[in-house]
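Have a look at protein.cif; it's mmCIF, C-alpha atoms:
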```
data_start
#
loop_
_atom_site.group_PDB
_atom_site.id
_atom_site.type_symbol
_atom_site.label_atom_id
_atom_site.label_comp_id
_atom_site.auth_asym_id
_atom_site.auth_seq_id
_atom_site.Cartn_x
_atom_site.Cartn_y
_atom_site.Cartn_z
ATOM 1 C CA MET A 1 -1.664 -34.125 -4.196
ATOM 2 C CA SER A 2 0.930 -33.960 -1.467
ATOM 3 C CA ILE A 3 2.128 -30.852 0.340
ATOM 4 C CA ASP A 4 5.643 -32.024 -0.516
ATOM 5 C CA ILE A 5 5.043 -30.702 -4.050
ATOM 6 C CA CYS A 6 4.483 -27.231 -2.594
ATOM 7 C CA LYS A 7 7.798 -25.468 -2.151
ATOM 8 C CA VAL A 8 9.439 -22.092 -1.827
ATOM 9 C CA ILE A 9 10.935 -20.980 -5.118
ATOM 10 C CA GLU A 10 13.764 -18.458 -5.055
ATOM 11 C CA LEU A 11 13.103 -15.977 -7.836
ATOM 12 C CA PRO A 12 15.863 -14.200 -9.766
ATOM 13 C CA LYS A 13 17.218 -11.190 -7.924
ATOM 14 C CA ILE A 14 19.197 -8.546 -9.772
ATOM 15 C CA THR A 15 21.033 -6.463 -7.198
ATOM 16 C CA ASP A 16 21.680 -2.815 -7.936
ATOM 17 C CA PRO A 17 22.661 0.074 -5.642
ATOM 18 C CA ARG A 18 19.601 1.932 -6.958
ATOM 19 C CA GLY A 19 17.290 -0.881 -5.840
ATOM 20 C CA ASN A 20 16.856 -4.571 -6.540
ATOM 21 C CA LEU A 21 14.735 -6.133 -9.269
ATOM 22 C CA THR A 22 13.015 -9.527 -9.258
ATOM 23 C CA PHE A 23 11.011 -11.020 -12.108
ATOM 24 C CA VAL A 24 8.792 -14.007 -12.835
ATOM 25 C CA GLU A 25 8.293 -15.453 -16.299
ATOM 26 C CA SER A 26 5.540 -17.931 -17.155
ATOM 27 C CA GLY A 27 6.815 -21.470 -17.442
ATOM 28 C CA ARG A 28 10.387 -20.534 -16.440
ATOM 29 C CA GLN A 29 10.651 -19.800 -12.722
ATOM 30 C CA ILE A 30 7.200 -21.270 -12.069
ATOM 31 C CA PRO A 31 5.666 -24.433 -13.538
ATOM 32 C CA PHE A 32 2.597 -22.773 -15.069
ATOM 33 C CA ASP A 33 1.510 -19.934 -17.321
ATOM 34 C CA ILE A 34 0.140 -16.885 -15.509
ATOM 35 C CA SER A 35 -3.500 -16.081 -16.278
ATOM 36 C CA ARG A 36 -4.332 -13.869 -13.309
ATOM 37 C CA VAL A 37 -2.586 -11.716 -10.715
ATOM 38 C CA TYR A 38 -4.230 -10.504 -7.527
ATOM 39 C CA TYR A 39 -3.028 -9.163 -4.217
ATOM 40 C CA LEU A 40 -4.190 -8.870 -0.624
ATOM 41 C CA TYR A 41 -3.414 -5.778 1.441
ATOM 42 C CA ASP A 42 -4.731 -3.832 4.432
ATOM 43 C CA VAL A 43 -5.420 -7.151 6.175
ATOM 44 C CA PRO A 44 -6.476 -6.307 9.749
ATOM 45 C CA GLY A 45 -4.377 -7.664 12.620
ATOM 46 C CA GLY A 46 -5.435 -11.177 13.586
ATOM 47 C CA ALA A 47 -7.393 -11.744 10.357
ATOM 48 C CA GLU A 48 -7.057 -14.877 8.244
ATOM 49 C CA ARG A 49 -7.430 -15.228 4.491
ATOM 50 C CA GLY A 50 -7.716 -18.259 2.252
ATOM 51 C CA GLY A 51 -9.480 -21.146 3.941
ATOM 52 C CA HIS A 52 -10.049 -23.048 0.700
ATOM 53 C CA ALA A 53 -8.516 -25.383 -1.879
ATOM 54 C CA HIS A 54 -8.566 -25.355 -5.661
ATOM 55 C CA LYS A 55 -9.424 -28.276 -7.910
ATOM 56 C CA ALA A 56 -7.157 -27.267 -10.807
ATOM 57 C CA LEU A 57 -5.535 -23.899 -10.030
ATOM 58 C CA SER A 58 -1.805 -23.546 -9.348
ATOM 59 C CA GLN A 59 -0.474 -20.463 -7.564
ATOM 60 C CA LEU A 60 2.694 -18.680 -6.594
ATOM 61 C CA ILE A 61 2.248 -16.683 -3.375
ATOM 62 C CA VAL A 62 4.712 -13.843 -2.723
ATOM 63 C CA ALA A 63 5.121 -11.483 0.233
ATOM 64 C CA MET A 64 5.708 -8.248 -1.700
ATOM 65 C CA SER A 65 5.951 -6.283 1.537
ATOM 66 C CA GLY A 66 5.934 -7.325 5.175
ATOM 67 C CA SER A 67 5.318 -10.936 6.100
ATOM 68 C CA PHE A 68 2.656 -13.579 6.644
ATOM 69 C CA ASP A 69 2.321 -17.341 7.058
ATOM 70 C CA VAL A 70 0.748 -19.837 4.687
ATOM 71 C CA VAL A 71 -0.592 -23.034 6.240
ATOM 72 C CA LEU A 72 -0.795 -25.880 3.724
ATOM 73 C CA ASN A 73 -2.801 -29.070 4.241
ATOM 74 C CA ASP A 74 -3.257 -32.036 1.905
ATOM 75 C CA GLY A 75 -5.734 -33.827 4.192
ATOM 76 C CA TYR A 76 -3.006 -35.950 5.754
ATOM 77 C CA ASN A 77 -0.225 -33.531 6.632
ATOM 78 C CA SER A 78 0.120 -29.824 7.177
ATOM 79 C CA LYS A 79 2.988 -27.369 7.228
ATOM 80 C CA ARG A 80 3.386 -23.671 7.918
ATOM 81 C CA VAL A 81 5.548 -21.553 5.610
ATOM 82 C CA HIS A 82 6.636 -18.053 6.628
ATOM 83 C CA LEU A 83 7.025 -15.645 3.706
ATOM 84 C CA ASN A 84 8.903 -12.387 4.221
ATOM 85 C CA ARG A 85 11.095 -11.831 1.129
ATOM 86 C CA SER A 86 9.821 -10.467 -2.192
ATOM 87 C CA TYR A 87 12.264 -12.688 -4.102
ATOM 88 C CA ASN A 88 10.751 -15.898 -2.678
ATOM 89 C CA GLY A 89 7.453 -17.342 -3.787
ATOM 90 C CA LEU A 90 5.542 -20.318 -2.439
ATOM 91 C CA TYR A 91 4.346 -22.642 -5.184
ATOM 92 C CA VAL A 92 0.977 -24.194 -4.267
ATOM 93 C CA CYS A 93 -0.312 -26.980 -6.514
ATOM 94 C CA PRO A 94 -3.980 -27.926 -6.958
ATOM 95 C CA MET A 95 -5.838 -29.873 -4.242
ATOM 96 C CA ILE A 96 -4.019 -28.278 -1.313
ATOM 97 C CA TRP A 97 -6.013 -26.535 1.415
ATOM 98 C CA ARG A 98 -4.423 -23.180 2.243
ATOM 99 C CA GLU A 99 -4.887 -20.578 4.947
ATOM 100 C CA LEU A 100 -2.988 -17.309 5.298
ATOM 101 C CA ASP A 101 -2.490 -15.704 8.694
ATOM 102 C CA ASN A 102 -0.026 -13.849 10.916
ATOM 103 C CA PHE A 103 0.028 -10.795 8.609
ATOM 104 C CA SER A 104 2.448 -8.089 9.658
ATOM 105 C CA SER A 105 1.381 -4.456 9.524
ATOM 106 C CA GLY A 106 1.531 -3.234 5.929
ATOM 107 C CA ALA A 107 1.903 -6.716 4.445
ATOM 108 C CA VAL A 108 1.094 -7.154 0.760
ATOM 109 C CA CYS A 109 0.470 -10.672 -0.565
ATOM 110 C CA MET A 110 0.647 -11.068 -4.339
ATOM 111 C CA VAL A 111 -0.667 -14.235 -5.972
ATOM 112 C CA LEU A 112 0.119 -15.382 -9.500
ATOM 113 C CA ALA A 113 -2.555 -17.825 -10.658
ATOM 114 C CA SER A 114 -2.640 -20.340 -13.491
ATOM 115 C CA ASN A 115 -6.305 -19.762 -14.374
ATOM 116 C CA PHE A 116 -8.891 -17.025 -14.482
ATOM 117 C CA TYR A 117 -11.278 -16.789 -11.529
ATOM 118 C CA ASP A 118 -13.795 -19.646 -11.510
ATOM 119 C CA GLU A 119 -15.950 -20.218 -8.436
ATOM 120 C CA ASP A 120 -16.492 -23.842 -9.511
ATOM 121 C CA ASP A 121 -12.752 -24.477 -8.989
ATOM 122 C CA TYR A 122 -13.013 -23.893 -5.211
ATOM 123 C CA TYR A 123 -13.509 -26.197 -2.263
ATOM 124 C CA ARG A 124 -14.606 -23.800 0.462
ATOM 125 C CA ASN A 125 -15.597 -26.497 2.962
ATOM 126 C CA TYR A 126 -12.760 -28.550 4.466
ATOM 127 C CA ASP A 127 -14.878 -31.712 4.783
ATOM 128 C CA ASP A 128 -15.823 -31.528 1.081
ATOM 129 C CA PHE A 129 -12.128 -31.083 0.256
ATOM 130 C CA THR A 130 -11.042 -34.134 2.253
ATOM 131 C CA VAL A 131 -13.702 -36.279 0.581
ATOM 132 C CA ALA A 132 -12.587 -35.088 -2.884
ATOM 133 C CA ALA A 133 -8.936 -35.677 -1.947
ATOM 134 C CA GLY A 134 -9.761 -39.272 -1.008
ATOM 135 C CA VAL A 135 -8.933 -38.763 2.654
ATOM 136 C CA ARG A 136 -12.483 -39.401 3.871
ATOM 137 C CA LYS A 137 -15.605 -41.014 2.483
#
```
Taking this structure as input, can you express it in the form of C-alpha coordinates?
Amino acid sequence: MSIDICKVIELPKITDPRGNLTFVESGRQIPFDISRVYYLYDVPGGAERGGHAHKALSQLIVAMSGSFDVVLNDGYNSKRVHLNRSYNGLYVCPMIWRELDNFSSGAVCMVLASNFYDEDDYYRNYDDFTVAAGVRK
(Lines of atoms letter the chains of each structure in order from A and count residues from 1; the text may use other names and numbers.)
(Lines give C-alpha, C1' and ligand atoms only; values in the text may rest on other atoms or scores of the structure.)
Protein backbone atom coordinates (compact mmCIF):
# COMPACT_ATOMS: atom_id res chain seq x y z
CA MET A 1 0.00 0.00 0.00
CA SER A 2 1.05 3.59 -0.47
CA ILE A 3 0.92 6.35 2.12
CA ASP A 4 -0.92 8.38 -0.51
CA ILE A 5 -4.04 6.35 0.34
CA CYS A 6 -3.81 7.61 3.92
CA LYS A 7 -5.53 10.97 4.21
CA VAL A 8 -7.17 13.36 6.62
CA ILE A 9 -10.94 13.07 6.47
CA GLU A 10 -13.02 16.04 7.58
CA LEU A 11 -15.90 14.67 9.62
CA PRO A 12 -19.34 16.30 9.77
CA LYS A 13 -19.47 19.18 12.21
CA ILE A 14 -22.80 20.47 13.47
CA THR A 15 -22.22 23.88 15.00
CA ASP A 16 -24.40 24.98 17.89
CA PRO A 17 -23.95 27.77 20.45
CA ARG A 18 -24.35 25.11 23.16
CA GLY A 19 -21.42 23.12 21.77
CA ASN A 20 -20.50 21.41 18.52
CA LEU A 21 -21.27 17.83 17.55
CA THR A 22 -19.31 15.55 15.21
CA PHE A 23 -20.25 12.02 14.23
CA VAL A 24 -18.82 9.06 12.34
CA GLU A 25 -20.96 6.40 10.68
CA SER A 26 -19.58 3.08 9.45
CA GLY A 27 -19.13 3.00 5.70
CA ARG A 28 -20.21 6.64 5.24
CA GLN A 29 -17.51 9.05 6.40
CA ILE A 30 -14.93 6.26 6.61
CA PRO A 31 -14.36 3.40 4.16
CA PHE A 32 -14.85 0.56 6.66
CA ASP A 33 -17.23 -0.76 9.28
CA ILE A 34 -16.21 -0.06 12.87
CA SER A 35 -15.52 -3.17 14.96
CA ARG A 36 -13.48 -1.64 17.78
CA VAL A 37 -12.87 1.73 19.41
CA TYR A 38 -9.94 2.46 21.70
CA TYR A 39 -8.21 5.56 22.95
CA LEU A 40 -4.83 6.66 24.28
CA TYR A 41 -4.56 9.22 27.07
CA ASP A 42 -2.19 10.30 29.84
CA VAL A 43 0.72 9.80 27.43
CA PRO A 44 3.84 11.12 29.21
CA GLY A 45 5.76 13.98 27.60
CA GLY A 46 8.26 12.72 25.04
CA ALA A 47 6.66 9.26 24.81
CA GLU A 48 5.87 7.55 21.51
CA ARG A 49 3.06 5.13 20.74
CA GLY A 50 2.40 2.89 17.77
CA GLY A 51 5.59 1.62 16.18
CA HIS A 52 3.84 -1.09 14.18
CA ALA A 53 1.85 -1.88 11.03
CA HIS A 54 -1.26 -3.96 10.46
CA LYS A 55 -1.71 -6.64 7.83
CA ALA A 56 -5.45 -6.12 7.33
CA LEU A 57 -6.71 -3.51 9.81
CA SER A 58 -7.92 -0.07 8.71
CA GLN A 59 -8.12 2.78 11.22
CA LEU A 60 -9.34 6.31 11.67
CA ILE A 61 -7.19 8.22 14.17
CA VAL A 62 -8.74 11.30 15.82
CA ALA A 63 -7.31 13.85 18.25
CA MET A 64 -10.30 14.14 20.59
CA SER A 65 -8.43 16.61 22.79
CA GLY A 66 -5.05 18.28 22.45
CA SER A 67 -2.74 17.32 19.62
CA PHE A 68 -0.19 14.79 18.43
CA ASP A 69 1.63 13.74 15.26
CA VAL A 70 1.24 10.54 13.28
CA VAL A 71 4.24 9.45 11.21
CA LEU A 72 3.25 7.17 8.33
CA ASN A 73 5.69 5.00 6.38
CA ASP A 74 5.00 2.58 3.52
CA GLY A 75 8.62 1.36 3.31
CA TYR A 76 9.45 3.81 0.54
CA ASN A 77 8.10 7.15 1.71
CA SER A 78 7.09 8.71 4.98
CA LYS A 79 5.00 11.68 6.02
CA ARG A 80 4.10 13.36 9.28
CA VAL A 81 0.49 14.41 9.92
CA HIS A 82 -0.38 16.76 12.78
CA LEU A 83 -3.81 16.14 14.30
CA ASN A 84 -5.36 18.78 16.54
CA ARG A 85 -9.08 19.01 15.63
CA SER A 86 -11.74 16.57 16.83
CA TYR A 87 -13.61 16.89 13.53
CA ASN A 88 -10.64 15.60 11.50
CA GLY A 89 -9.59 11.98 11.38
CA LEU A 90 -6.59 10.39 9.71
CA TYR A 91 -7.51 7.33 7.67
CA VAL A 92 -4.72 4.72 7.81
CA CYS A 93 -5.03 1.74 5.48
CA PRO A 94 -3.44 -1.68 6.06
CA MET A 95 0.30 -2.22 5.52
CA ILE A 96 1.36 1.24 6.68
CA TRP A 97 3.88 1.58 9.51
CA ARG A 98 2.68 4.20 12.00
CA GLU A 99 4.20 5.98 14.97
CA LEU A 100 2.50 8.56 17.18
CA ASP A 101 4.52 11.22 18.97
CA ASN A 102 4.62 14.88 19.99
CA PHE A 103 1.61 14.49 22.33
CA SER A 104 0.46 17.71 23.93
CA SER A 105 -0.46 17.76 27.61
CA GLY A 106 -3.92 16.26 28.05
CA ALA A 107 -4.09 14.83 24.53
CA VAL A 108 -6.62 12.08 23.87
CA CYS A 109 -6.20 9.93 20.75
CA MET A 110 -9.26 7.92 19.71
CA VAL A 111 -8.91 5.15 17.14
CA LEU A 112 -11.77 3.56 15.21
CA ALA A 113 -10.68 0.15 13.93
CA SER A 114 -12.10 -2.12 11.25
CA ASN A 115 -11.42 -5.36 13.13
CA PHE A 116 -11.33 -6.76 16.62
CA TYR A 117 -7.92 -7.00 18.30
CA ASP A 118 -5.79 -9.77 16.77
CA GLU A 119 -2.10 -9.98 17.65
CA ASP A 120 -1.48 -11.96 14.44
CA ASP A 121 -2.47 -8.86 12.42
CA TYR A 122 0.56 -6.88 13.67
CA TYR A 123 4.02 -6.30 12.29
CA ARG A 124 5.91 -5.06 15.34
CA ASN A 125 9.36 -5.22 13.73
CA TYR A 126 10.08 -2.69 10.97
CA ASP A 127 12.39 -5.06 9.06
CA ASP A 128 9.68 -7.76 9.01
CA PHE A 129 7.22 -5.14 7.75
CA THR A 130 9.46 -4.01 4.90
CA VAL A 131 10.01 -7.61 3.79
CA ALA A 132 6.24 -8.27 3.83
CA ALA A 133 5.61 -5.00 1.96
CA GLY A 134 8.01 -6.12 -0.77
CA VAL A 135 10.49 -3.34 -0.06
CA ARG A 136 13.29 -5.69 1.03
CA LYS A 137 14.08 -9.36 0.63
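Across the structure, atom CA of Glu99 of chain A and atom CA of Ser26 of chain A are spaced 24.6 Å apart.
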Among listed residues A:Val62, A:Met1, A:Leu11, A:Met95, nearest Tyr122 of chain A (using all atoms listed in the file):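 Going through A:Val62, A:Met1, A:Leu11, A:Met95 one by one, the smallest distance to Tyr122 of chain A is for A:Met95.
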Best match for closeness to Thr15 of chain A among A:Asn125, A:Tyr87, A:Gln29, A:Ala132, counting all atoms listed in the file: A:Tyr87
Protein, DNA and RNA residues within 9 Å of (-1.8, -30.1, 5.9), all atoms listed in the file, as a ChimeraX atom specification: /A:2-3,71-80,96-98
Expected selection from the PyMOL selection byres ((chain A and resi 93) around 10), given as a VMD selection string: chain A and resid 1 to 7 31 to 32 53 to 60 90 to 92 94 to 97 114
Selected residues, C-alpha atoms, written as a PDB file, keeping the file's coordinate frame, please.
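Wrote it out as out_1.pdb, contents follow:
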```
ATOM      1  CA  MET A   1      -1.664 -34.125  -4.196  1.00  0.00           C
ATOM      2  CA  SER A   2       0.930 -33.960  -1.467  1.00  0.00           C
ATOM      3  CA  ILE A   3       2.128 -30.852   0.340  1.00  0.00           C
ATOM      4  CA  ASP A   4       5.643 -32.024  -0.516  1.00  0.00           C
ATOM      5  CA  ILE A   5       5.043 -30.702  -4.050  1.00  0.00           C
ATOM      6  CA  CYS A   6       4.483 -27.231  -2.594  1.00  0.00           C
ATOM      7  CA  LYS A   7       7.798 -25.468  -2.151  1.00  0.00           C
ATOM      8  CA  PRO A  31       5.666 -24.433 -13.538  1.00  0.00           C
ATOM      9  CA  PHE A  32       2.597 -22.773 -15.069  1.00  0.00           C
ATOM     10  CA  ALA A  53      -8.516 -25.383  -1.879  1.00  0.00           C
ATOM     11  CA  HIS A  54      -8.566 -25.355  -5.661  1.00  0.00           C
ATOM     12  CA  LYS A  55      -9.424 -28.276  -7.910  1.00  0.00           C
ATOM     13  CA  ALA A  56      -7.157 -27.267 -10.807  1.00  0.00           C
ATOM     14  CA  LEU A  57      -5.535 -23.899 -10.030  1.00  0.00           C
ATOM     15  CA  SER A  58      -1.805 -23.546  -9.348  1.00  0.00           C
ATOM     16  CA  GLN A  59      -0.474 -20.463  -7.564  1.00  0.00           C
ATOM     17  CA  LEU A  60       2.694 -18.680  -6.594  1.00  0.00           C
ATOM     18  CA  LEU A  90       5.542 -20.318  -2.439  1.00  0.00           C
ATOM     19  CA  TYR A  91       4.346 -22.642  -5.184  1.00  0.00           C
ATOM     20  CA  VAL A  92       0.977 -24.194  -4.267  1.00  0.00           C
ATOM     21  CA  PRO A  94      -3.980 -27.926  -6.958  1.00  0.00           C
ATOM     22  CA  MET A  95      -5.838 -29.873  -4.242  1.00  0.00           C
ATOM     23  CA  ILE A  96      -4.019 -28.278  -1.313  1.00  0.00           C
ATOM     24  CA  TRP A  97      -6.013 -26.535   1.415  1.00  0.00           C
ATOM     25  CA  SER A 114      -2.640 -20.340 -13.491  1.00  0.00           C
TER      26      SER A 114
END
```
Gap from atom CA of Arg18 of chain A to atom CA of Ile61 of chain A - Å, one decimal: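 So the answer is 25.7 Å.
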Target residues per the PyMOL selection byres ((chain A and resi 85) around 8), formatted as a list in words: Val62, Ala63, Met64, Ser65, Gly66, Ser67, Leu83, Asn84, Ser86, Tyr87 and Asn88 of chain A
Among the residues A:Asp42, A:Asp33, A:Asp69, A:Asp127, the one that comes closest to Asp101 of chain A [using all atoms listed in the file]: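 That would be A:Asp69, the residue with the smallest distance to Asp101 of chain A.
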Gap from atom CA of Phe23 of chain A to atom CA of Gly89 of chain A - Å, one decimal: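 These atoms are spaced 11.0 Å apart.
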Nearby residues (only C-alpha atoms) at most 6 Å from Ser35 of chain A, same-chain spacing under 4 positions excluded, as a PyMOL selection string: chain A and resi 113-116
Which of A:Glu10, A:His52, A:Ala107, A:Pro17 sits closest to Tyr126 of chain A [using all atoms listed in the file]: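 Answer, going by the shortest atom-to-atom distance: A:His52.
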Expected residue set, 12 Å radius at (-10.0, -8.3, -2.9), all atoms listed in the file, as a PyMOL selection string: chain A and resi 37-43+49-50+108-111
Among listed residues A:Leu112, A:Tyr123, A:Asn102, A:Val135, nearest Gly45 of chain A (using only C-alpha atoms):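 Looking at the shortest contact to Gly45 of chain A, the residue is A:Asn102.
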